[in-house]
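Colleague: Structure supplied as upload_28.csv; contents: CSV, C-alpha atoms.
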chain,number,residue,atom,x,y,z
A,1,MET,CA,33.0,45.9,-7.0
A,2,PHE,CA,33.5,42.8,-4.9
A,3,LYS,CA,33.8,39.4,-6.5
A,4,PRO,CA,31.8,36.6,-4.9
A,5,ARG,CA,33.8,34.4,-2.6
A,6,VAL,CA,34.3,30.9,-3.8
A,7,ARG,CA,33.5,28.5,-0.9
A,8,ILE,CA,35.9,25.6,-0.7
A,9,PRO,CA,34.5,22.6,1.2
A,10,ARG,CA,36.5,21.6,4.2
A,11,VAL,CA,37.8,18.1,4.6
A,12,ARG,CA,36.7,16.8,8.0
A,13,ILE,CA,39.9,15.0,9.1
A,14,ALA,CA,38.4,14.3,12.5
A,15,GLN,CA,36.0,11.8,10.9
A,16,ALA,CA,38.8,10.0,9.0
A,17,GLN,CA,41.1,9.5,12.0
A,18,PRO,CA,39.1,6.8,13.8
A,19,LEU,CA,39.2,4.6,10.7
A,20,MET,CA,43.0,5.2,10.3
A,21,GLN,CA,43.6,4.4,14.0
A,22,ARG,CA,41.4,1.3,13.8
A,23,ARG,CA,43.4,-0.3,11.0
A,24,SER,CA,46.6,-1.8,12.3
A,25,LEU,CA,47.8,-4.1,9.6
A,26,HIS,CA,50.9,-6.2,10.2
A,27,GLN,CA,54.4,-5.0,9.4
A,28,VAL,CA,57.8,-6.6,9.1
A,29,PRO,CA,59.4,-6.6,12.6
A,30,ILE,CA,62.5,-4.5,12.7
A,31,PRO,CA,65.5,-6.9,12.9
A,32,GLU,CA,68.4,-6.6,15.3
A,33,PHE,CA,70.8,-7.1,12.4
A,34,SER,CA,72.1,-4.7,9.9
A,35,SER,CA,71.0,-5.4,6.3
A,36,ALA,CA,74.4,-4.0,5.2
A,37,GLN,CA,76.3,-6.5,7.3
A,38,GLY,CA,74.0,-9.5,7.3
A,39,ILE,CA,74.6,-12.0,10.2
A,40,PRO,CA,78.4,-12.4,10.6
A,41,LYS,CA,79.5,-16.0,10.2
A,42,LEU,CA,76.0,-17.2,9.2
A,43,LEU,CA,74.4,-15.1,6.4
A,44,SER,CA,75.9,-12.6,4.0
A,45,PRO,CA,74.0,-9.3,3.4
A,46,ASP,CA,72.5,-10.8,0.3
A,47,GLY,CA,71.5,-14.0,2.1
A,48,PHE,CA,70.0,-12.1,5.0
A,49,HIS,CA,68.1,-9.8,2.6
A,50,LEU,CA,66.5,-12.8,0.9
A,51,ALA,CA,65.9,-14.9,4.0
A,52,TYR,CA,64.5,-12.1,6.2
A,53,THR,CA,63.8,-8.8,4.4
A,54,ASP,CA,62.3,-10.1,1.2
A,55,TYR,CA,60.6,-13.2,2.6
A,56,MET,CA,59.1,-11.5,5.7
A,57,GLN,CA,57.7,-8.7,3.5
A,58,LEU,CA,56.1,-11.4,1.3
A,59,LEU,CA,54.5,-13.1,4.3
A,60,VAL,CA,53.3,-9.7,5.7
A,61,ASP,CA,51.8,-8.7,2.3
A,62,LYS,CA,50.0,-12.1,1.9
A,63,LEU,CA,48.7,-12.0,5.5
A,64,ASN,CA,47.5,-8.4,5.2
A,65,ALA,CA,45.6,-9.3,2.0
A,66,LEU,CA,43.8,-12.1,3.7
A,67,VAL,CA,42.9,-10.4,7.0
A,68,GLY,CA,42.5,-6.8,5.9
A,69,GLY,CA,39.1,-5.4,6.9
A,70,THR,CA,38.4,-8.3,9.3
A,71,GLU,CA,38.7,-8.5,13.1
A,72,MET,CA,41.9,-10.5,12.7
A,73,GLU,CA,43.9,-7.6,11.3
A,74,MET,CA,44.1,-6.3,14.9
A,75,LYS,CA,45.6,-9.5,16.2
A,76,SER,CA,49.2,-10.7,16.3
A,77,PRO,CA,50.3,-13.5,14.0
A,78,PHE,CA,50.5,-15.8,17.1
A,79,GLN,CA,46.8,-15.0,17.9
A,80,ILE,CA,45.8,-15.6,14.3
A,81,LEU,CA,47.5,-18.9,14.0
A,82,GLN,CA,45.8,-20.1,17.1
A,83,GLN,CA,42.4,-18.9,15.9
A,84,THR,CA,42.7,-20.5,12.4
A,85,ALA,CA,44.6,-23.7,13.2
A,86,ARG,CA,41.5,-25.9,13.3
A,87,GLU,CA,39.6,-24.2,10.4
A,88,PRO,CA,40.4,-25.9,7.1
A,89,SER,CA,38.8,-23.0,5.2
A,90,MET,CA,41.4,-20.7,6.9
A,91,ALA,CA,44.4,-22.7,5.9
A,92,PRO,CA,46.1,-19.9,3.8
A,93,THR,CA,45.7,-17.5,6.7
A,94,PHE,CA,47.1,-20.0,9.1
A,95,ASN,CA,50.1,-20.7,6.9
A,96,TYR,CA,51.1,-17.1,6.4
A,97,ALA,CA,50.5,-16.2,10.1
A,98,SER,CA,52.4,-19.2,11.3
A,99,MET,CA,55.3,-18.7,9.0
A,100,LEU,CA,55.5,-15.1,9.9
A,101,HIS,CA,55.7,-16.1,13.6
A,102,ASN,CA,58.1,-19.0,13.1
A,103,ASN,CA,60.5,-17.0,10.9
A,104,ALA,CA,60.6,-14.1,13.4
A,105,PHE,CA,61.2,-16.5,16.2
A,106,PHE,CA,64.1,-18.1,14.3
A,107,PHE,CA,65.8,-14.8,13.7
A,108,GLY,CA,65.0,-13.5,17.1
A,109,GLY,CA,67.0,-16.3,18.7
A,110,LEU,CA,70.2,-15.3,16.9
A,111,ASN,CA,73.1,-13.4,18.5
A,112,SER,CA,73.2,-9.9,16.9
A,113,SER,CA,76.7,-9.1,18.3
A,114,GLU,CA,80.2,-10.6,18.0
A,115,THR,CA,80.3,-11.3,21.7
A,116,ASP,CA,79.3,-14.8,22.7
A,117,LYS,CA,76.1,-15.2,24.7
A,118,PRO,CA,76.7,-18.3,26.7
A,119,MET,CA,73.8,-20.2,28.4
A,120,SER,CA,73.1,-19.7,32.1
A,121,SER,CA,74.2,-22.4,34.6
A,122,ARG,CA,70.5,-22.9,35.4
A,123,LEU,CA,69.6,-23.6,31.8
A,124,GLN,CA,72.6,-25.7,31.2
A,125,LYS,CA,71.7,-27.9,34.2
A,126,GLN,CA,68.1,-28.4,33.0
A,127,LEU,CA,69.2,-29.2,29.5
A,128,GLU,CA,71.8,-31.7,30.7
A,129,ASP,CA,69.1,-33.3,32.9
A,130,SER,CA,66.9,-33.8,29.8
A,131,PHE,CA,69.5,-34.7,27.2
A,132,GLY,CA,72.5,-35.9,29.1
A,133,SER,CA,74.9,-33.3,27.7
A,134,ILE,CA,74.8,-30.1,25.7
A,135,GLU,CA,76.7,-32.0,22.9
A,136,THR,CA,73.8,-34.5,22.8
A,137,LEU,CA,71.3,-31.7,22.4
A,138,GLN,CA,73.4,-30.1,19.7
A,139,ARG,CA,73.7,-33.4,17.8
A,140,GLU,CA,70.0,-34.2,18.1
A,141,MET,CA,68.9,-30.8,16.8
A,142,LEU,CA,71.4,-30.8,13.9
A,143,VAL,CA,70.8,-34.4,12.9
A,144,THR,CA,67.0,-33.9,13.0
A,145,ALA,CA,67.3,-30.8,10.9
A,146,SER,CA,69.7,-32.4,8.4
A,147,ALA,CA,67.4,-35.5,8.0
A,148,MET,CA,64.3,-33.4,7.3
A,149,PHE,CA,63.3,-34.2,3.7
A,150,GLY,CA,61.5,-31.0,3.1
A,151,PRO,CA,61.3,-27.5,4.7
A,152,GLY,CA,60.2,-26.8,8.2
A,153,PHE,CA,61.6,-25.9,11.6
A,154,VAL,CA,63.3,-27.8,14.4
A,155,TRP,CA,62.5,-26.6,17.9
A,156,LEU,CA,63.8,-26.8,21.4
A,157,VAL,CA,60.8,-26.7,23.6
A,158,LYS,CA,60.1,-26.9,27.3
A,159,ASN,CA,57.2,-28.6,29.1
A,160,ALA,CA,55.2,-25.7,30.5
A,161,LYS,CA,54.6,-27.6,33.8
A,162,THR,CA,58.0,-29.2,34.3
A,163,ASN,CA,61.7,-28.6,33.5
A,164,ASN,CA,61.7,-31.3,30.9
A,165,TYR,CA,63.0,-30.3,27.4
A,166,ARG,CA,62.7,-32.0,24.0
A,167,VAL,CA,63.4,-31.5,20.4
A,168,LEU,CA,60.4,-31.1,18.1
A,169,ALA,CA,60.2,-30.9,14.3
A,170,THR,CA,57.4,-29.2,12.4
A,171,TYR,CA,57.1,-29.3,8.6
A,172,LEU,CA,56.2,-26.4,6.3
A,173,ALA,CA,54.2,-23.8,8.4
A,174,GLY,CA,53.4,-26.3,11.2
A,175,SER,CA,53.3,-24.8,14.7
A,176,PRO,CA,54.8,-26.3,17.9
A,177,TYR,CA,52.0,-24.8,20.1
A,178,SER,CA,49.5,-27.2,21.6
A,179,SER,CA,46.7,-24.7,20.7
A,180,ALA,CA,47.6,-25.3,17.1
A,181,HIS,CA,47.8,-29.1,17.5
A,182,TRP,CA,45.9,-29.9,14.2
A,183,ARG,CA,48.5,-28.0,12.2
A,184,ARG,CA,51.5,-29.3,14.1
A,185,GLN,CA,52.6,-31.4,11.1
A,186,GLY,CA,55.0,-33.4,13.2
A,187,VAL,CA,55.8,-35.9,10.4
A,188,ASP,CA,56.7,-35.7,6.7
A,189,MET,CA,53.5,-36.9,5.0
A,190,ASN,CA,55.6,-37.8,1.9
A,191,THR,CA,57.4,-40.5,3.8
A,192,VAL,CA,54.7,-41.8,6.2
A,193,GLU,CA,52.0,-44.2,5.1
A,194,GLY,CA,48.6,-42.6,5.5
A,195,PRO,CA,45.6,-43.9,7.4
A,196,THR,CA,43.0,-46.1,5.8
A,197,SER,CA,39.7,-44.7,4.5
A,198,THR,CA,38.0,-45.9,7.7
A,199,GLU,CA,40.5,-44.2,9.9
A,200,LYS,CA,40.2,-41.0,7.8
A,201,SER,CA,36.5,-41.1,8.2
A,202,GLY,CA,36.8,-41.5,12.0
A,203,ALA,CA,39.4,-38.7,12.2
A,204,ALA,CA,37.2,-36.4,10.2
A,205,GLN,CA,34.2,-37.0,12.4
A,206,GLU,CA,36.3,-36.4,15.5
A,207,TYR,CA,37.7,-33.2,13.9
A,208,ILE,CA,34.2,-31.9,13.2
A,209,ALA,CA,33.0,-32.7,16.7
A,210,ARG,CA,35.9,-30.9,18.2
A,211,THR,CA,35.8,-27.8,16.1
A,212,GLN,CA,32.2,-27.2,15.2
A,213,LEU,CA,31.2,-23.8,16.8
A,214,GLY,CA,33.9,-24.4,19.4
A,215,ALA,CA,31.8,-27.1,21.1
A,216,GLY,CA,32.8,-30.5,22.2
A,217,ALA,CA,31.1,-33.8,21.6
A,218,ALA,CA,27.3,-34.5,21.7
A,219,ASN,CA,27.2,-33.8,25.5
A,220,GLY,CA,27.8,-30.1,24.7
A,221,THR,CA,30.9,-29.7,26.8
A,222,ARG,CA,33.4,-27.3,25.4
A,223,TRP,CA,36.8,-28.6,24.5
A,224,LYS,CA,39.9,-27.1,26.0
A,225,ASN,CA,42.2,-25.2,23.7
A,226,THR,CA,44.8,-28.0,24.1
A,227,ALA,CA,44.2,-31.0,22.0
A,228,PRO,CA,43.6,-34.3,23.9
A,229,GLY,CA,46.9,-35.8,24.9
A,230,GLY,CA,48.6,-32.5,24.0
A,231,ILE,CA,51.2,-31.0,26.3
A,232,ASP,CA,51.6,-27.3,26.6
A,233,VAL,CA,55.2,-26.4,25.6
A,234,ILE,CA,57.2,-23.2,25.6
A,235,PRO,CA,59.3,-22.8,22.4
A,236,LEU,CA,62.8,-21.6,23.3
A,237,LEU,CA,64.7,-21.9,20.1
A,238,CYS,CA,64.3,-23.0,16.5
A,239,VAL,CA,66.2,-23.3,13.3
A,240,SER,CA,64.6,-23.0,9.8
A,241,THR,CA,65.3,-25.7,7.2
A,242,TRP,CA,63.7,-23.8,4.4
A,243,GLU,CA,66.0,-23.8,1.4
A,244,HIS,CA,65.7,-20.0,0.7
A,245,VAL,CA,67.5,-19.4,4.1
A,246,TYR,CA,70.8,-21.1,3.2
A,247,LEU,CA,70.8,-21.5,-0.6
A,248,ARG,CA,72.2,-18.1,-1.4
A,249,ASP,CA,75.3,-18.5,0.8
A,250,TYR,CA,75.7,-22.3,1.1
A,251,GLY,CA,74.4,-23.8,-2.1
A,252,VAL,CA,72.3,-26.9,-2.6
A,253,ALA,CA,74.7,-29.1,-0.7
A,254,GLY,CA,75.4,-26.6,2.1
A,255,LYS,CA,72.6,-27.4,4.6
A,256,LYS,CA,74.9,-29.2,7.0
A,257,GLN,CA,77.4,-26.3,7.2
A,258,PHE,CA,74.6,-23.8,7.6
A,259,LEU,CA,73.2,-25.7,10.6
A,260,GLU,CA,76.7,-26.0,12.2
A,261,ASN,CA,77.2,-22.2,11.8
A,262,TRP,CA,73.7,-21.6,13.2
A,263,TRP,CA,74.5,-23.4,16.4
A,264,ASN,CA,77.4,-21.1,17.0
A,265,ARG,CA,75.2,-18.0,16.5
A,266,ILE,CA,72.6,-18.8,19.1
A,267,ASP,CA,71.9,-16.2,21.7
A,268,TRP,CA,71.6,-18.3,24.8
A,269,THR,CA,70.7,-15.3,27.0
A,270,LYS,CA,67.4,-15.1,25.0
A,271,VAL,CA,66.9,-18.8,25.3
A,272,SER,CA,67.3,-18.6,29.1
A,273,ASP,CA,64.8,-15.7,29.2
A,274,ARG,CA,62.3,-17.7,27.2
A,275,ALA,CA,62.7,-20.7,29.5
A,276,GLN,CA,61.7,-18.7,32.6
A,277,ILE,CA,58.4,-17.2,31.3
A,278,GLU,CA,55.0,-18.6,30.3
A,279,ASN,CA,52.4,-17.3,27.9
A,280,LYS,CA,54.7,-14.7,26.4
A,281,HIS,CA,55.5,-15.2,22.8
A,282,MET,CA,57.5,-13.3,20.2
A,283,TYR,CA,55.9,-11.7,17.2
I'd like the structure from this file rewritten - as structure tokens, please.
Modeller:
Amino acid sequence: MFKPRVRIPRVRIAQAQPLMQRRSLHQVPIPEFSSAQGIPKLLSPDGFHLAYTDYMQLLVDKLNALVGGTEMEMKSPFQILQQTAREPSMAPTFNYASMLHNNAFFFGGLNSSETDKPMSSRLQKQLEDSFGSIETLQREMLVTASAMFGPGFVWLVKNAKTNNYRVLATYLAGSPYSSAHWRRQGVDMNTVEGPTSTEKSGAAQEYIARTQLGAGAANGTRWKNTAPGGIDVIPLLCVSTWEHVYLRDYGVAGKKQFLENWWNRIDWTKVSDRAQIENKHMY
């Protein structure tokens, strides 16, 4: 006598695949450095694990929690920071996307080998034309970073239309890009006297006029992505002044030594490559 066959429902995997393929949440970029070795002459394995592995994972987790299930989960952190820079309600999303981009940019400019990566003669000539000497550039970047009363980044940037270079400081998760002008945070608001109530009101009205539905002023003209008076710049190099980057290895009074060691770990080949391209940005 035959027993009735028990029918087991099939799982239609083909229907689940499009959803799995659609979701592309952000992940920590794979570093060029070994976690077991850290960054020789700059960060110990423990210091590197804290400043990169742990911190980047925190940023990724926070960003994924904010953009999961939205159209922004398919965009890069650079695209997200551009999209959210002028939206006050999106400040947390901007902060995590911008920090993820900035931190990756910082570590991406470091030399991952023991062999020196000197700057090209072309880059050296352009830097000397802007700063007078490489020593002046070094001093300006290190002094600026040392003087920052609070965390942020110090950038070497290039004018996108000329060969002029300058040093730019951004605080907290501020961005150097002109498209993120409203979140540039180029000054430490703890040490700069704020605007009057009248000035705040005018600035707020201007902000609304520029950002509402992507439109311009009352004439309906659409504003360009670059803020008025803004200059498109290409970031070439940056150093993080966030305390968690250097505290483990250098202590509370070791910022100056950390910055000096950082200068000696710059991969100038990468800086030269960045100086010769436009509209290409790292993660």
Colleague: Find the distance between CA of Thr84 (chain A) and CA of Phe153 (chain A) and write it in Å to one decimal.
Modeller: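 Taking CA of Thr84 (chain A) and CA of Phe153 (chain A), their separation equals 19.7 Å.
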Colleague: Between A:Pro151, A:Leu156, A:Ile231, A:Ile30, which one has atoms that come closest to Glu243 (chain A), using only C-alpha atoms?
Modeller: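 So, comparing all the options, the nearest one is A:Pro151.
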Colleague: What's the separation between CA of Tyr171 (chain A) and CA of Ile134 (chain A), in Å to one decimal place?
Modeller: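 One can read the CA of Tyr171 (chain A) to CA of Ile134 (chain A) distance as 24.6 Å.
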Colleague: Which value, in Å to one decimal, gives the distance between CA of Leu247 (chain A) and CA of Pro29 (chain A)?
Modeller: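 These atoms are spaced 22.9 Å apart.
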Colleague: Would you write out, as a Markdown table, a table of all residues in region 15-134 of chain A that have an atom no more than 10 Å from an atom of region 252-275 of chain A, listing for each the closest atom pair and the distance in Å to one decimal, considering all atoms listed in the file and ordering rows by chain and rising residue number?
Modeller:
| residue | atom | partner | partner_atom | distance |
| --- | --- | --- | --- | --- |
| A:Ile39 | CA | A:Arg265 | CA | 8.7 |
| A:Pro40 | CA | A:Arg265 | CA | 8.7 |
| A:Lys41 | CA | A:Asn261 | CA | 6.8 |
| A:Leu42 | CA | A:Asn261 | CA | 5.8 |
| A:Leu43 | CA | A:Phe258 | CA | 8.8 |
| A:Phe106 | CA | A:Ile266 | CA | 9.8 |
| A:Phe107 | CA | A:Ile266 | CA | 9.6 |
| A:Gly108 | CA | A:Lys270 | CA | 8.4 |
| A:Gly109 | CA | A:Asp267 | CA | 5.7 |
| A:Leu110 | CA | A:Ile266 | CA | 4.8 |
| A:Asn111 | CA | A:Asp267 | CA | 4.4 |
| A:Ser112 | CA | A:Asp267 | CA | 8.0 |
| A:Ser113 | CA | A:Arg265 | CA | 9.2 |
| A:Glu114 | CA | A:Arg265 | CA | 9.1 |
| A:Thr115 | CA | A:Asp267 | CA | 9.7 |
| A:Asp116 | CA | A:Asp267 | CA | 7.6 |
| A:Lys117 | CA | A:Asp267 | CA | 5.3 |
| A:Pro118 | CA | A:Trp268 | CA | 5.4 |
| A:Met119 | CA | A:Trp268 | CA | 4.6 |
| A:Ser120 | CA | A:Ser272 | CA | 6.6 |
| A:Ser121 | CA | A:Ser272 | CA | 9.6 |
| A:Arg122 | CA | A:Ser272 | CA | 8.3 |
| A:Leu123 | CA | A:Ser272 | CA | 6.1 |
| A:Gln124 | CA | A:Ser272 | CA | 9.1 |
Colleague: Pick from A:Ser130, A:Asn164, A:Gln276, A:Gln27: nearest to Ser76 (chain A), with all atoms listed in the file counted?
Modeller: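 The shortest atom-to-atom distance to Ser76 (chain A) comes from A:Gln27.
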Colleague: So that I can check the surroundings of Asn103 (chain A), please list as JSON, numbers by chain every protein, DNA and RNA residue that reaches within 10 Å of it, counting all atoms listed in the file and ignoring chain neighbours fewer than 4 positions away.
Modeller: {"A": [51, 52, 55, 56, 59, 98, 99, 107, 108, 153, 173, 238, 239, 240, 242, 283]}
Colleague: Would you put the residues from that selection into a file with C-alpha atoms, as a PDB file, in the frame of the given file?
Modeller:
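Generated file (part.pdb):
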ATOM      1  CA  ALA A  51      65.900 -14.900   4.000  1.00  0.00           C
ATOM      2  CA  TYR A  52      64.500 -12.100   6.200  1.00  0.00           C
ATOM      3  CA  TYR A  55      60.600 -13.200   2.600  1.00  0.00           C
ATOM      4  CA  MET A  56      59.100 -11.500   5.700  1.00  0.00           C
ATOM      5  CA  LEU A  59      54.500 -13.100   4.300  1.00  0.00           C
ATOM      6  CA  SER A  98      52.400 -19.200  11.300  1.00  0.00           C
ATOM      7  CA  MET A  99      55.300 -18.700   9.000  1.00  0.00           C
ATOM      8  CA  PHE A 107      65.800 -14.800  13.700  1.00  0.00           C
ATOM      9  CA  GLY A 108      65.000 -13.500  17.100  1.00  0.00           C
ATOM     10  CA  PHE A 153      61.600 -25.900  11.600  1.00  0.00           C
ATOM     11  CA  ALA A 173      54.200 -23.800   8.400  1.00  0.00           C
ATOM     12  CA  CYS A 238      64.300 -23.000  16.500  1.00  0.00           C
ATOM     13  CA  VAL A 239      66.200 -23.300  13.300  1.00  0.00           C
ATOM     14  CA  SER A 240      64.600 -23.000   9.800  1.00  0.00           C
ATOM     15  CA  TRP A 242      63.700 -23.800   4.400  1.00  0.00           C
ATOM     16  CA  TYR A 283      55.900 -11.700  17.200  1.00  0.00           C
TER      17      TYR A 283
END
Colleague: My list of candidates is A:Asp61, A:Ser178, A:Glu32, A:Tyr165. Which is closest to Glu128 (chain A) when distances are computed with all atoms listed in the file?
Modeller: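 Once distances to Glu128 (chain A) are computed over all atoms listed in the file, the minimum belongs to A:Tyr165.
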Colleague: Would you please work out which residue, of A:Tyr96, A:Phe149, A:Phe33, A:Phe78, is nearest to Ser179 (chain A) when using all atoms listed in the file?
Modeller: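 Nearest to Ser179 (chain A): A:Phe78.
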Colleague: Considering all atoms listed in the file, can you say which of A:Ser34, A:Ala97, A:Ala104, A:Leu25 comes closest to Thr70 (chain A)?
Modeller: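 Using all atoms listed in the file, Thr70 (chain A) sits closest to A:Leu25.
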